[in-house]
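K.L.:
This is the content of entry07.tsv (TSV, N, CA and C atoms):
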```
chain	number	residue	atom	x	y	z
A	1	VAL	N	-124.38	-12.98	134.42
A	1	VAL	CA	-125.81	-12.89	134.14
A	1	VAL	C	-126.31	-11.52	134.54
A	2	GLN	N	-127.01	-10.85	133.63
A	2	GLN	CA	-127.64	-9.57	133.95
A	2	GLN	C	-129.14	-9.77	133.93
A	3	LEU	N	-129.78	-9.34	135.01
A	3	LEU	CA	-131.21	-9.58	135.17
A	3	LEU	C	-131.98	-8.27	135.10
A	4	GLN	N	-133.20	-8.35	134.65
A	4	GLN	CA	-134.07	-7.17	134.58
A	4	GLN	C	-135.48	-7.56	134.99
A	5	ALA	N	-135.97	-6.89	136.02
A	5	ALA	CA	-137.34	-7.10	136.48
A	5	ALA	C	-138.26	-6.09	135.81
A	6	SER	N	-139.47	-6.52	135.51
A	6	SER	CA	-140.45	-5.62	134.91
A	6	SER	C	-141.85	-6.06	135.31
A	7	GLY	N	-142.83	-5.23	134.99
A	7	GLY	CA	-144.22	-5.59	135.24
A	7	GLY	C	-144.85	-4.88	136.41
A	8	GLY	N	-144.10	-4.06	137.10
A	8	GLY	CA	-144.66	-3.34	138.23
A	8	GLY	C	-145.66	-2.28	137.80
A	9	GLY	N	-146.34	-1.71	138.78
A	9	GLY	CA	-147.30	-0.67	138.47
A	9	GLY	C	-148.13	-0.32	139.69
A	10	LEU	N	-149.19	0.40	139.43
A	10	LEU	CA	-150.12	0.83	140.48
A	10	LEU	C	-151.38	-0.02	140.39
A	11	VAL	N	-151.79	-0.58	141.50
A	11	VAL	CA	-152.97	-1.45	141.53
A	11	VAL	C	-153.72	-1.20	142.83
A	12	GLN	N	-155.01	-1.44	142.81
A	12	GLN	CA	-155.82	-1.28	144.02
A	12	GLN	C	-155.71	-2.52	144.91
A	13	THR	N	-156.04	-2.32	146.16
A	13	THR	CA	-156.08	-3.44	147.10
A	13	THR	C	-156.96	-4.55	146.55
A	14	GLY	N	-156.45	-5.77	146.63
A	14	GLY	CA	-157.17	-6.92	146.11
A	14	GLY	C	-156.87	-7.24	144.67
A	15	GLY	N	-156.14	-6.37	144.01
A	15	GLY	CA	-155.80	-6.58	142.61
A	15	GLY	C	-154.63	-7.51	142.41
A	16	SER	N	-154.24	-7.67	141.15
A	16	SER	CA	-153.17	-8.58	140.77
A	16	SER	C	-152.17	-7.91	139.84
A	17	LEU	N	-150.95	-8.41	139.91
A	17	LEU	CA	-149.89	-8.03	138.98
A	17	LEU	C	-149.03	-9.24	138.72
A	18	ARG	N	-148.42	-9.29	137.56
A	18	ARG	CA	-147.44	-10.33	137.28
A	18	ARG	C	-146.12	-9.68	136.94
A	19	LEU	N	-145.12	-9.97	137.74
A	19	LEU	CA	-143.77	-9.48	137.49
A	19	LEU	C	-143.00	-10.49	136.65
A	20	SER	N	-142.11	-9.97	135.83
A	20	SER	CA	-141.26	-10.83	135.01
A	20	SER	C	-139.80	-10.52	135.29
A	21	CYS	N	-138.99	-11.54	135.20
A	21	CYS	CA	-137.54	-11.41	135.35
A	21	CYS	C	-136.89	-12.03	134.13
A	22	ALA	N	-136.15	-11.21	133.40
A	22	ALA	CA	-135.49	-11.68	132.20
A	22	ALA	C	-133.98	-11.51	132.34
A	23	ALA	N	-133.25	-12.35	131.64
A	23	ALA	CA	-131.80	-12.22	131.59
A	23	ALA	C	-131.45	-11.42	130.34
A	24	SER	N	-130.93	-10.20	130.55
A	24	SER	CA	-130.57	-9.38	129.40
A	24	SER	C	-129.24	-9.81	128.80
A	25	ARG	N	-128.45	-10.51	129.60
A	25	ARG	CA	-127.21	-11.09	129.10
A	25	ARG	C	-127.00	-12.42	129.83
A	26	GLY	N	-126.72	-13.46	129.10
A	26	GLY	CA	-126.59	-14.77	129.70
A	26	GLY	C	-127.94	-15.45	129.80
A	27	THR	N	-127.97	-16.52	130.58
A	27	THR	CA	-129.20	-17.27	130.74
A	27	THR	C	-129.57	-17.42	132.20
A	28	ILE	N	-130.84	-17.37	132.47
A	28	ILE	CA	-131.34	-17.56	133.83
A	28	ILE	C	-131.83	-18.97	134.02
A	29	SER	N	-131.94	-19.72	132.93
A	29	SER	CA	-132.62	-21.01	132.97
A	29	SER	C	-131.88	-22.06	133.79
A	30	THR	N	-130.62	-21.87	134.07
A	30	THR	CA	-129.86	-22.86	134.84
A	30	THR	C	-129.63	-22.44	136.28
A	31	TYR	N	-130.23	-21.33	136.68
A	31	TYR	CA	-130.04	-20.82	138.04
A	31	TYR	C	-131.32	-20.85	138.85
A	32	PRO	N	-131.21	-21.18	140.12
A	32	PRO	CA	-132.35	-20.87	141.00
A	32	PRO	C	-132.57	-19.35	140.95
A	33	THR	N	-133.78	-18.93	141.22
A	33	THR	CA	-134.07	-17.50	141.12
A	33	THR	C	-134.96	-17.09	142.29
A	34	GLY	N	-134.70	-15.91	142.79
A	34	GLY	CA	-135.50	-15.41	143.90
A	34	GLY	C	-136.07	-14.04	143.60
A	35	TRP	N	-137.15	-13.74	144.31
A	35	TRP	CA	-137.72	-12.40	144.28
A	35	TRP	C	-137.60	-11.81	145.69
A	36	PHE	N	-137.17	-10.57	145.73
A	36	PHE	CA	-137.05	-9.84	146.98
A	36	PHE	C	-137.80	-8.51	146.82
A	37	ARG	N	-138.07	-7.87	147.94
A	37	ARG	CA	-138.73	-6.57	147.86
A	37	ARG	C	-138.21	-5.65	148.96
A	38	GLN	N	-138.26	-4.37	148.66
A	38	GLN	CA	-137.81	-3.37	149.62
A	38	GLN	C	-138.80	-2.23	149.66
A	39	ALA	N	-139.42	-2.09	150.81
A	39	ALA	CA	-140.37	-1.00	151.03
A	39	ALA	C	-139.62	0.23	151.51
A	40	PRO	N	-140.19	1.42	151.33
A	40	PRO	CA	-139.51	2.64	151.77
A	40	PRO	C	-139.15	2.60	153.25
A	41	GLY	N	-137.89	2.88	153.54
A	41	GLY	CA	-137.44	2.92	154.92
A	41	GLY	C	-137.22	1.57	155.56
A	42	LYS	N	-137.34	0.51	154.78
A	42	LYS	CA	-137.17	-0.84	155.33
A	42	LYS	C	-136.06	-1.58	154.61
A	43	GLU	N	-135.58	-2.64	155.24
A	43	GLU	CA	-134.57	-3.47	154.61
A	43	GLU	C	-135.21	-4.35	153.53
A	44	ARG	N	-134.37	-4.76	152.61
A	44	ARG	CA	-134.84	-5.67	151.57
A	44	ARG	C	-135.18	-7.02	152.20
A	45	GLU	N	-136.29	-7.60	151.77
A	45	GLU	CA	-136.72	-8.87	152.35
A	45	GLU	C	-137.05	-9.89	151.27
A	46	PHE	N	-136.90	-11.12	151.64
A	46	PHE	CA	-137.18	-12.24	150.75
A	46	PHE	C	-138.68	-12.38	150.53
A	47	ALA	N	-139.06	-12.71	149.28
A	47	ALA	CA	-140.46	-12.97	148.98
A	47	ALA	C	-140.69	-14.42	148.52
A	48	ALA	N	-139.91	-14.84	147.51
A	48	ALA	CA	-140.13	-16.17	146.96
A	48	ALA	C	-138.88	-16.64	146.21
A	49	ALA	N	-138.73	-17.95	146.09
A	49	ALA	CA	-137.62	-18.53	145.35
A	49	ALA	C	-138.09	-19.77	144.61
A	50	ILE	N	-137.37	-20.09	143.54
A	50	ILE	CA	-137.71	-21.26	142.73
A	50	ILE	C	-136.41	-21.92	142.28
A	51	SER	N	-136.41	-23.25	142.28
A	51	SER	CA	-135.23	-23.97	141.81
A	51	SER	C	-135.08	-23.80	140.31
A	52	TRP	N	-133.94	-24.21	139.78
A	52	TRP	CA	-133.70	-23.98	138.35
A	52	TRP	C	-134.69	-24.75	137.48
A	53	SER	N	-135.15	-25.89	137.97
A	53	SER	CA	-136.07	-26.71	137.18
A	53	SER	C	-137.52	-26.30	137.38
A	54	GLY	N	-137.77	-25.55	138.46
A	54	GLY	CA	-139.14	-25.19	138.78
A	54	GLY	C	-139.84	-26.20	139.67
A	55	SER	N	-139.17	-27.28	140.04
A	55	SER	CA	-139.80	-28.34	140.82
A	55	SER	C	-139.91	-27.98	142.29
A	56	SER	N	-139.15	-26.98	142.73
A	56	SER	CA	-139.14	-26.59	144.13
A	56	SER	C	-139.38	-25.09	144.24
A	57	THR	N	-140.31	-24.71	145.11
A	57	THR	CA	-140.58	-23.30	145.37
A	57	THR	C	-140.64	-23.07	146.87
A	58	TYR	N	-140.43	-21.82	147.26
A	58	TYR	CA	-140.45	-21.48	148.68
A	58	TYR	C	-140.90	-20.03	148.80
A	59	TYR	N	-141.73	-19.76	149.84
A	59	TYR	CA	-142.31	-18.44	150.00
A	59	TYR	C	-142.13	-17.91	151.41
A	60	ALA	N	-142.02	-16.61	151.50
A	60	ALA	CA	-142.10	-15.97	152.80
A	60	ALA	C	-143.53	-16.10	153.32
A	61	ASP	N	-143.68	-16.16	154.62
A	61	ASP	CA	-145.01	-16.30	155.20
A	61	ASP	C	-145.92	-15.14	154.79
A	62	SER	N	-145.35	-13.97	154.60
A	62	SER	CA	-146.14	-12.78	154.29
A	62	SER	C	-146.81	-12.84	152.92
A	63	VAL	N	-146.29	-13.69	152.04
A	63	VAL	CA	-146.86	-13.75	150.68
A	63	VAL	C	-147.44	-15.13	150.36
A	64	LYS	N	-147.22	-16.09	151.23
A	64	LYS	CA	-147.69	-17.46	150.97
A	64	LYS	C	-149.19	-17.49	150.76
A	65	GLY	N	-149.61	-18.18	149.70
A	65	GLY	CA	-151.03	-18.28	149.40
A	65	GLY	C	-151.55	-17.16	148.52
A	66	ARG	N	-150.75	-16.12	148.34
A	66	ARG	CA	-151.16	-14.99	147.49
A	66	ARG	C	-150.25	-14.83	146.28
A	67	PHE	N	-148.97	-15.14	146.44
A	67	PHE	CA	-148.00	-15.01	145.36
A	67	PHE	C	-147.62	-16.39	144.83
A	68	THR	N	-147.33	-16.45	143.54
A	68	THR	CA	-146.88	-17.69	142.92
A	68	THR	C	-145.68	-17.41	142.05
A	69	ILE	N	-144.58	-18.10	142.33
A	69	ILE	CA	-143.39	-17.97	141.51
A	69	ILE	C	-143.36	-19.11	140.51
A	70	SER	N	-142.96	-18.81	139.29
A	70	SER	CA	-142.89	-19.84	138.25
A	70	SER	C	-141.80	-19.45	137.26
A	71	ARG	N	-141.52	-20.36	136.35
A	71	ARG	CA	-140.49	-20.06	135.36
A	71	ARG	C	-140.79	-20.77	134.05
A	72	ASP	N	-140.28	-20.20	132.98
A	72	ASP	CA	-140.35	-20.82	131.66
A	72	ASP	C	-138.93	-20.80	131.12
A	73	ASN	N	-138.23	-21.88	131.28
A	73	ASN	CA	-136.82	-21.91	130.89
A	73	ASN	C	-136.63	-21.81	129.38
A	74	ALA	N	-137.61	-22.24	128.63
A	74	ALA	CA	-137.52	-22.11	127.18
A	74	ALA	C	-137.51	-20.64	126.76
A	75	LYS	N	-138.18	-19.81	127.55
A	75	LYS	CA	-138.22	-18.38	127.27
A	75	LYS	C	-137.21	-17.60	128.10
A	76	ASN	N	-136.48	-18.31	128.95
A	76	ASN	CA	-135.47	-17.65	129.78
A	76	ASN	C	-136.09	-16.61	130.69
A	77	MET	N	-137.23	-16.96	131.30
A	77	MET	CA	-138.00	-16.02	132.10
A	77	MET	C	-138.41	-16.66	133.44
A	78	VAL	N	-138.51	-15.80	134.46
A	78	VAL	CA	-139.07	-16.18	135.75
A	78	VAL	C	-140.16	-15.16	136.08
A	79	TYR	N	-141.24	-15.64	136.68
A	79	TYR	CA	-142.40	-14.78	136.94
A	79	TYR	C	-142.76	-14.79	138.42
A	80	LEU	N	-143.43	-13.72	138.82
A	80	LEU	CA	-144.03	-13.66	140.15
A	80	LEU	C	-145.46	-13.15	139.97
A	81	GLN	N	-146.41	-14.07	140.10
A	81	GLN	CA	-147.82	-13.71	140.03
A	81	GLN	C	-148.26	-13.28	141.42
A	82	MET	N	-148.74	-12.06	141.52
A	82	MET	CA	-149.13	-11.52	142.81
A	82	MET	C	-150.64	-11.25	142.80
A	83	ASP	N	-151.36	-11.95	143.64
A	83	ASP	CA	-152.80	-11.81	143.75
A	83	ASP	C	-153.17	-11.30	145.15
A	84	SER	N	-154.40	-10.84	145.27
A	84	SER	CA	-154.90	-10.34	146.57
A	84	SER	C	-153.92	-9.36	147.19
A	85	LEU	N	-153.48	-8.42	146.39
A	85	LEU	CA	-152.46	-7.49	146.85
A	85	LEU	C	-152.98	-6.58	147.96
A	86	LYS	N	-152.06	-6.25	148.87
A	86	LYS	CA	-152.36	-5.41	150.01
A	86	LYS	C	-151.46	-4.16	149.97
A	87	PRO	N	-151.85	-3.11	150.63
A	87	PRO	CA	-150.98	-1.92	150.68
A	87	PRO	C	-149.59	-2.23	151.21
A	88	GLU	N	-149.49	-3.17	152.13
A	88	GLU	CA	-148.17	-3.52	152.68
A	88	GLU	C	-147.29	-4.27	151.69
A	89	ASP	N	-147.82	-4.63	150.53
A	89	ASP	CA	-147.00	-5.23	149.47
A	89	ASP	C	-146.28	-4.15	148.65
A	90	THR	N	-146.60	-2.90	148.89
A	90	THR	CA	-145.96	-1.81	148.18
A	90	THR	C	-144.45	-1.82	148.43
A	91	ALA	N	-143.67	-1.88	147.35
A	91	ALA	CA	-142.22	-1.98	147.48
A	91	ALA	C	-141.61	-1.98	146.08
A	92	VAL	N	-140.30	-1.86	146.05
A	92	VAL	CA	-139.55	-2.14	144.83
A	92	VAL	C	-139.21	-3.63	144.86
A	93	TYR	N	-139.52	-4.31	143.78
A	93	TYR	CA	-139.30	-5.75	143.70
A	93	TYR	C	-138.09	-6.04	142.81
A	94	PHE	N	-137.25	-6.94	143.30
A	94	PHE	CA	-136.02	-7.32	142.62
A	94	PHE	C	-135.99	-8.82	142.35
A	95	CYS	N	-135.44	-9.21	141.22
A	95	CYS	CA	-135.14	-10.62	141.02
A	95	CYS	C	-133.63	-10.82	141.14
A	96	ALA	N	-133.24	-12.02	141.53
A	96	ALA	CA	-131.83	-12.30	141.78
A	96	ALA	C	-131.54	-13.76	141.51
A	97	ALA	N	-130.26	-14.04	141.28
A	97	ALA	CA	-129.83	-15.41	141.04
A	97	ALA	C	-128.50	-15.64	141.76
A	98	PRO	N	-128.27	-16.86	142.24
A	98	PRO	CA	-127.03	-17.17	142.94
A	98	PRO	C	-126.00	-17.86	142.03
A	99	LYS	N	-124.73	-17.74	142.39
A	99	LYS	CA	-123.71	-18.51	141.69
A	99	LYS	C	-123.76	-19.96	142.15
A	100	LYS	N	-124.06	-20.16	143.44
A	100	LYS	CA	-124.06	-21.50	144.02
A	100	LYS	C	-125.41	-22.15	143.78
A	101	THR	N	-125.40	-23.24	143.02
A	101	THR	CA	-126.65	-23.91	142.67
A	101	THR	C	-126.69	-25.30	143.28
A	102	GLY	N	-127.79	-25.99	143.06
A	102	GLY	CA	-127.89	-27.37	143.51
A	102	GLY	C	-128.68	-27.60	144.77
A	103	PHE	N	-129.25	-26.54	145.32
A	103	PHE	CA	-130.04	-26.68	146.54
A	103	PHE	C	-131.51	-26.48	146.24
A	104	SER	N	-132.35	-26.88	147.18
A	104	SER	CA	-133.78	-26.66	147.01
A	104	SER	C	-134.08	-25.18	147.18
A	105	ALA	N	-135.27	-24.79	146.79
A	105	ALA	CA	-135.63	-23.36	146.82
A	105	ALA	C	-135.55	-22.78	148.22
A	106	ALA	N	-135.84	-23.57	149.23
A	106	ALA	CA	-135.85	-23.07	150.61
A	106	ALA	C	-134.47	-22.57	151.04
A	107	TYR	N	-133.43	-23.11	150.47
A	107	TYR	CA	-132.06	-22.68	150.80
A	107	TYR	C	-131.82	-21.23	150.40
A	108	TYR	N	-132.51	-20.78	149.40
A	108	TYR	CA	-132.26	-19.45	148.82
A	108	TYR	C	-133.20	-18.41	149.39
A	109	ASN	N	-133.40	-18.43	150.69
A	109	ASN	CA	-134.35	-17.53	151.32
A	109	ASN	C	-133.69	-16.32	151.96
A	110	THR	N	-132.44	-16.06	151.62
A	110	THR	CA	-131.75	-14.91	152.17
A	110	THR	C	-130.89	-14.27	151.10
A	111	GLU	N	-130.82	-12.94	151.11
A	111	GLU	CA	-130.14	-12.25	150.02
A	111	GLU	C	-128.65	-12.51	150.00
A	112	GLN	N	-128.08	-12.95	151.13
A	112	GLN	CA	-126.65	-13.22	151.15
A	112	GLN	C	-126.26	-14.37	150.24
A	113	ARG	N	-127.22	-15.16	149.83
A	113	ARG	CA	-126.93	-16.31	148.97
A	113	ARG	C	-127.06	-15.98	147.49
A	114	TYR	N	-127.27	-14.72	147.18
A	114	TYR	CA	-127.45	-14.31	145.79
A	114	TYR	C	-126.29	-13.45	145.33
A	115	ASP	N	-125.96	-13.58	144.06
A	115	ASP	CA	-124.83	-12.85	143.49
A	115	ASP	C	-125.22	-11.90	142.36
A	116	TYR	N	-126.25	-12.24	141.63
A	116	TYR	CA	-126.68	-11.44	140.49
A	116	TYR	C	-128.02	-10.80	140.81
A	117	TRP	N	-128.08	-9.49	140.63
A	117	TRP	CA	-129.30	-8.75	140.95
A	117	TRP	C	-129.72	-7.91	139.76
A	118	GLY	N	-131.03	-7.86	139.56
A	118	GLY	CA	-131.55	-7.00	138.53
A	118	GLY	C	-131.98	-5.66	139.11
A	119	GLN	N	-132.23	-4.70	138.25
A	119	GLN	CA	-132.83	-3.46	138.69
A	119	GLN	C	-134.27	-3.75	139.09
A	120	GLY	N	-134.77	-3.05	140.04
A	120	GLY	CA	-136.08	-3.34	140.56
A	120	GLY	C	-137.21	-2.75	139.74
A	121	THR	N	-138.41	-3.19	140.09
A	121	THR	CA	-139.61	-2.63	139.49
A	121	THR	C	-140.56	-2.25	140.63
A	122	GLN	N	-141.15	-1.08	140.51
A	122	GLN	CA	-141.97	-0.54	141.59
A	122	GLN	C	-143.39	-1.12	141.54
A	123	VAL	N	-143.84	-1.59	142.68
A	123	VAL	CA	-145.22	-2.04	142.85
A	123	VAL	C	-145.86	-1.16	143.92
A	124	THR	N	-146.96	-0.55	143.57
A	124	THR	CA	-147.68	0.31	144.52
A	124	THR	C	-149.12	-0.18	144.61
A	125	VAL	N	-149.55	-0.48	145.83
A	125	VAL	CA	-150.91	-0.96	146.06
A	125	VAL	C	-151.65	0.13	146.85
A	126	SER	N	-152.68	0.66	146.24
A	126	SER	CA	-153.44	1.72	146.90
A	126	SER	C	-154.58	1.15	147.71
A	127	SER	N	-154.88	1.84	148.80
A	127	SER	CA	-155.96	1.35	149.69
A	127	SER	C	-157.30	1.94	149.30
```
Any chance you could put this one into structure tokens?
P.N.:
Amino acid sequence: VQLQASGGGLVQTGGSLRLSCAASRGTISTYPTGWFRQAPGKEREFAAAISWSGSSTYYADSVKGRFTISRDNAKNMVYLQMDSLKPEDTAVYFCAAPKKTGFSAAYYNTEQRYDYWGQGTQVTVSS
């Protein structure tokens, strides 16, 4: 599976963006999917995950209540709706999928559990 994240950009504090994750080769619809982010000079961190069916979601405390992960398996897409953005949300955002499936979204809260990674998309939130 090859993944591609898109939808990043420059937004003011309090604004919104919607990121998309598409499978450029293969299908994402049968895999749990996660979003991670990496700010300059920092390690990559978990943001959100969703089960393959969409029935289970899990969020990092830093984005809970502001970000919403969703998916449309018919379109082979996963989304990250980001609202009430803050300057500290500035980062490169990556989508990823694991080979090991069958667990709830909370299980996929660490990058070590992912095998397929897309190229990132830059999100910049200005103050």
K.L.:
One decimal, in Å: what's the spacing between atom CA of Ser126 of chain A and atom CA of Ser70 of chain A?
P.N.:
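A separation of 25.5 Å between them.
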K.L.:
Point out the residue among A:Ser51, A:Ser29, A:Gln4, A:Gln12 with the least atom-to-atom distance to Thr101 of chain A, counting only C-alpha atoms.
P.N.:
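Ranking A:Ser51, A:Ser29, A:Gln4, A:Gln12 by distance to Thr101 of chain A, first place goes to A:Ser51.
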K.L.:
Hey, which bits of segment 16-61 of chain A sit within 5 Å of segment 5-9 of chain A, and for each residue what's the closest pair of atoms and how far apart in Å (one decimal), counting only N, CA and C atoms, rows by chain and increasing number, as a tab-separated table?
P.N.:
```
residue	atom	partner	partner_atom	distance
A:Arg18	C	A:Gly7	CA	4.8
A:Leu19	CA	A:Ser6	C	4.5
A:Ser20	N	A:Ser6	C	4.0
A:Cys21	CA	A:Ala5	CA	4.5
```
K.L.:
Go ahead and compute the interatomic distance for atom CA of Ser104 of chain A and atom CA of Ile28 of chain A, in Å to one decimal.
P.N.:
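Between atom CA of Ser104 of chain A and atom CA of Ile28 of chain A the gap is 16.2 Å.
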K.L.:
Would you compute the distance between atom C of Gly102 of chain A and atom N of Tyr116 of chain A? Give it in Å to one decimal.
P.N.:
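Distance between the two atoms: 15.9 Å.
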K.L.:
Could you tell me which of A:Val92, A:Ala39, A:Val123, A:Leu85 comes closest to Ser16 of chain A if we count all atoms listed in the file?
P.N.:
A:Leu85
K.L.:
Here is a test: counting only C-alpha atoms, which residue of A:Gly54, A:Lys86, A:Gln38, A:Thr33 is nearest to Phe67 of chain A?
P.N.:
A:Lys86
K.L.:
Residues at most 7 Å from segment 96-100 of chain A, counting only N, CA and C atoms, excluding those fewer than 3 positions away in the same chain, as a VMD selection string?
P.N.:
chain A and resid 31 to 36 103 113 to 118
K.L.:
Between A:Ser84, A:Gln119, A:Ser62, A:Asn73, which residue has the minimum interatomic distance to Leu17 of chain A, considering only C-alpha atoms?
P.N.:
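Checking each candidate against Leu17 of chain A, we get A:Ser84 as the closest.
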K.L.:
List the spatial neighbours of Asn109 of chain A as a PyMOL selection string - criterion: any atom at most 8 Å away, all atoms listed in the file, same-chain residues fewer than 2 positions off excluded.
P.N.:
chain A and resi 34+45-49+58-60+104-107+111-114
